[in-house]
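Chemist: Next up, work.tsv (TSV, C-alpha atoms).
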chain	number	residue	atom	x	y	z
A	1	MET	CA	89.32	15.25	86.61
A	2	LYS	CA	87.69	18.05	84.64
A	3	SER	CA	85.15	20.30	86.24
A	4	TYR	CA	81.83	21.10	84.59
A	5	ASP	CA	83.04	24.58	83.66
A	6	GLU	CA	85.97	23.19	81.67
A	7	GLU	CA	83.55	21.20	79.51
A	8	SER	CA	80.89	23.88	79.10
A	9	ILE	CA	79.92	24.80	75.55
A	10	GLY	CA	80.80	28.45	76.13
A	11	ARG	CA	84.29	27.60	77.36
A	12	LEU	CA	84.93	25.15	74.52
A	13	ILE	CA	83.81	27.72	71.95
A	14	TYR	CA	86.05	30.31	73.60
A	15	LEU	CA	89.10	28.01	73.68
A	16	THR	CA	88.52	26.90	70.08
A	17	THR	CA	88.18	30.51	68.94
A	18	GLN	CA	91.41	31.40	70.73
A	19	ALA	CA	93.28	28.50	69.11
A	20	MET	CA	91.94	29.36	65.65
A	21	THR	CA	92.83	33.04	66.08
A	22	LEU	CA	96.34	32.20	67.26
A	23	HIS	CA	96.89	29.95	64.24
A	24	ALA	CA	95.48	32.58	61.87
A	25	GLU	CA	97.67	35.31	63.35
A	26	LYS	CA	100.78	33.15	62.91
A	27	ALA	CA	99.79	32.29	59.33
A	28	LEU	CA	99.15	35.95	58.47
A	29	LYS	CA	102.34	37.32	60.05
A	30	PRO	CA	104.52	36.85	56.92
A	31	TYR	CA	101.89	38.77	54.93
A	32	ARG	CA	101.90	41.62	57.47
A	33	LEU	CA	98.13	41.27	57.89
A	34	THR	CA	95.95	40.92	60.94
A	35	VAL	CA	92.96	38.60	61.16
A	36	GLU	CA	90.61	41.61	61.14
A	37	GLN	CA	92.28	43.04	58.04
A	38	PHE	CA	92.01	39.73	56.20
A	39	ILE	CA	88.33	39.37	57.16
A	40	LEU	CA	87.60	42.75	55.56
A	41	LEU	CA	89.63	41.94	52.45
A	42	LYS	CA	87.96	38.53	52.08
A	43	ASN	CA	84.48	40.04	52.39
A	44	MET	CA	85.33	42.84	49.98
A	45	SER	CA	86.58	40.29	47.44
A	46	GLN	CA	83.05	38.97	47.08
A	47	HIS	CA	81.89	42.34	45.67
A	48	ASP	CA	83.27	44.53	42.91
A	49	VAL	CA	82.37	47.66	44.85
A	50	LEU	CA	80.52	48.17	48.10
A	51	SER	CA	79.92	51.00	50.51
A	52	GLN	CA	81.66	51.25	53.83
A	53	ASN	CA	78.27	50.93	55.55
A	54	GLN	CA	77.55	47.71	53.67
A	55	LEU	CA	80.92	46.32	54.75
A	56	CYS	CA	80.20	47.24	58.38
A	57	GLU	CA	76.93	45.30	58.20
A	58	ILE	CA	78.55	42.28	56.55
A	59	VAL	CA	81.37	41.97	59.10
A	60	GLU	CA	79.19	43.14	62.00
A	61	LYS	CA	81.67	45.75	63.20
A	62	SER	CA	81.25	49.39	64.11
A	63	ALA	CA	81.97	52.10	61.57
A	64	ALA	CA	84.84	53.40	63.74
A	65	ASN	CA	86.46	49.97	63.91
A	66	VAL	CA	86.09	49.37	60.16
A	67	THR	CA	87.44	52.84	59.36
A	68	ARG	CA	90.57	52.17	61.42
A	69	ILE	CA	91.18	48.84	59.66
A	70	LEU	CA	90.48	50.35	56.22
A	71	ASP	CA	93.01	53.14	56.91
A	72	ARG	CA	95.71	50.51	57.36
A	73	LEU	CA	94.61	48.52	54.30
A	74	GLU	CA	94.64	51.68	52.20
A	75	LYS	CA	98.21	52.48	53.33
A	76	LYS	CA	99.21	48.96	52.24
A	77	VAL	CA	97.57	49.68	48.85
A	78	PHE	CA	95.13	46.75	49.17
A	79	ILE	CA	91.98	48.89	48.85
A	80	THR	CA	90.76	52.12	47.32
A	81	ARG	CA	88.14	54.49	48.66
A	82	LYS	CA	86.09	56.73	46.42
A	83	GLN	CA	83.28	59.17	47.00
A	84	ASN	CA	79.94	57.72	45.94
A	85	PRO	CA	78.71	59.91	43.06
A	86	ALA	CA	75.10	59.05	43.93
A	87	ASP	CA	75.51	59.96	47.64
A	88	ARG	CA	78.39	62.18	48.69
A	89	ARG	CA	78.03	61.03	52.32
A	90	SER	CA	78.88	57.48	51.22
A	91	ILE	CA	82.30	56.01	50.54
A	92	LEU	CA	82.71	53.22	47.98
A	93	LEU	CA	85.34	50.56	48.56
A	94	SER	CA	87.09	48.23	46.16
A	95	LEU	CA	90.13	46.00	46.19
A	96	THR	CA	93.23	46.97	44.25
A	97	ASP	CA	95.00	44.37	42.13
A	98	GLN	CA	97.41	43.90	45.05
A	99	GLY	CA	94.45	43.38	47.38
A	100	LYS	CA	92.91	40.79	45.06
A	101	GLU	CA	96.22	38.96	44.83
A	102	MET	CA	96.61	38.99	48.62
A	103	VAL	CA	93.12	37.55	49.12
A	104	GLU	CA	93.87	34.81	46.62
A	105	ASP	CA	97.22	33.91	48.22
A	106	VAL	CA	96.00	33.98	51.79
A	107	GLY	CA	92.64	32.44	50.88
A	108	THR	CA	94.43	29.34	49.58
A	109	LEU	CA	96.32	29.11	52.86
A	110	PHE	CA	93.10	29.31	54.88
A	111	GLU	CA	91.30	26.78	52.70
A	112	SER	CA	94.03	24.31	53.64
A	113	PHE	CA	93.64	25.27	57.30
A	114	SER	CA	89.86	24.81	57.11
A	115	LYS	CA	90.26	21.34	55.62
A	116	HIS	CA	92.75	20.43	58.34
A	117	ILE	CA	90.55	21.45	61.27
A	118	ILE	CA	87.57	19.41	60.10
A	119	GLN	CA	89.52	16.21	59.50
A	120	GLY	CA	87.59	13.27	60.92
A	121	VAL	CA	84.35	15.28	61.13
A	122	SER	CA	81.70	13.84	58.83
A	123	SER	CA	79.55	16.03	56.57
A	124	GLN	CA	76.56	15.18	58.75
A	125	GLU	CA	78.43	16.26	61.90
A	126	GLN	CA	79.52	19.48	60.20
A	127	THR	CA	75.91	20.23	59.23
A	128	GLN	CA	74.68	19.50	62.76
A	129	PHE	CA	77.42	21.60	64.32
A	130	THR	CA	76.74	24.52	62.00
A	131	GLY	CA	73.03	24.34	62.85
A	132	ILE	CA	73.80	24.27	66.57
A	133	LEU	CA	76.11	27.27	66.31
A	134	HIS	CA	73.41	29.19	64.41
A	135	LYS	CA	70.91	28.40	67.16
A	136	ILE	CA	73.36	29.53	69.85
A	137	ARG	CA	73.99	32.75	67.91
A	138	ILE	CA	70.26	33.45	67.60
A	139	ASN	CA	69.80	32.76	71.32
A	140	LEU	CA	72.65	35.16	72.14
A	141	ASP	CA	71.22	37.86	69.89
A	142	THR	CA	67.76	37.42	71.41
A	143	PHE	CA	69.14	37.44	74.95
A	144	THR	CA	71.35	40.46	74.31
A	145	ASN	CA	68.55	42.44	72.66
A	146	SER	CA	66.06	41.68	75.45
A	147	SER	CA	68.57	42.25	78.27
A	148	PHE	CA	69.61	45.73	77.22
A	149	ARG	CA	66.27	47.34	76.57
Kindly transcribe the structure held in the file into structure tokens.

Modeler:
Amino acid sequence: MKSYDEESIGRLIYLTTQAMTLHAEKALKPYRLTVEQFILLKNMSQHDVLSQNQLCEIVEKSAANVTRILDRLEKKVFITRKQNPADRRSILLSLTDQGKEMVEDVGTLFESFSKHIIQGVSSQEQTQFTGILHKIRINLDTFTNSSFR
């Protein structure tokens, strides 16, 4: 018999996130990428050039965390960093050809994974679930912002 806690929404989200992360890490291992690195590459691929601050906002990570990940991606020659000529305090980021190729290769892999995990889930259920997750996220943001004032 399962206890209430084992069926709570928070626990199910946590367990699902863990399972998805584990699968993603295994899938990325041959590419020598981490999930965090791929998330940055994927988001960068949607822009020709963007600032490091813009990327931090998009991925909702601290500047220190993004800088650490970008250092590794730059060593792997997946990204370039350039001084912003309009604002010397700003760094502009772009993918290299190798970075673009990596996003394409790994993106195809993850599209297949995404299709697999939603098998048997109707479009209507997907829409409902997405809406529910957005509501939970808003509630968390509201709760967090009001709790730490």

Chemist: What residues have an atom no more than 8 Å from (93.6, 46.6, 53.0) in the file's own frame, counting all atoms listed in the file, and can you write them as a CSV table (one decimal) with C-alpha atoms, keeping the file's coordinate frame?

Modeler:
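In the end it all went to selection22.csv:
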chain,number,residue,atom,x,y,z
A,37,GLN,CA,92.3,43.0,58.0
A,38,PHE,CA,92.0,39.7,56.2
A,40,LEU,CA,87.6,42.8,55.6
A,41,LEU,CA,89.6,41.9,52.4
A,69,ILE,CA,91.2,48.8,59.7
A,70,LEU,CA,90.5,50.4,56.2
A,71,ASP,CA,93.0,53.1,56.9
A,72,ARG,CA,95.7,50.5,57.4
A,73,LEU,CA,94.6,48.5,54.3
A,74,GLU,CA,94.6,51.7,52.2
A,75,LYS,CA,98.2,52.5,53.3
A,76,LYS,CA,99.2,49.0,52.2
A,77,VAL,CA,97.6,49.7,48.8
A,78,PHE,CA,95.1,46.8,49.2
A,79,ILE,CA,92.0,48.9,48.8
A,95,LEU,CA,90.1,46.0,46.2
A,99,GLY,CA,94.4,43.4,47.4

Chemist: What does the distance between CA of Leu12 in chain A and CA of Leu133 in chain A come to in Å, to one decimal place?

Modeler: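 Distance between the two atoms: 12.2 Å.
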
Chemist: Using all atoms listed in the file, which residues sit within 9 Å of Ala27 in chain A once same-chain residues fewer than 4 positions away are excluded, as a ChimeraX atom specification?

Modeler: /A:22-23,31,106,109-110

Chemist: What is the distance between CA of Gln52 in chain A and CA of Leu92 in chain A, in Å to one decimal?

Modeler: 6.3 Å

Chemist: Can you measure CA of Ala64 in chain A to CA of Thr16 in chain A for me? One decimal in Å is fine.

Modeler: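 Result for CA of Ala64 in chain A versus CA of Thr16 in chain A: 27.5 Å, one decimal.
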
Chemist: A:Ser123, A:Asn139, A:Thr144, A:Asn53: which is nearest Leu93 in chain A, counting only C-alpha atoms?

Modeler: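 The closest residue to Leu93 in chain A is A:Asn53.
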
Chemist: Using all atoms listed in the file, find the one residue out of A:Thr21, A:Asn84, A:Val35, A:Ile9 that sits nearest to Phe129 in chain A.

Modeler: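 Ranking A:Thr21, A:Asn84, A:Val35, A:Ile9 by distance to Phe129 in chain A, first place goes to A:Ile9.
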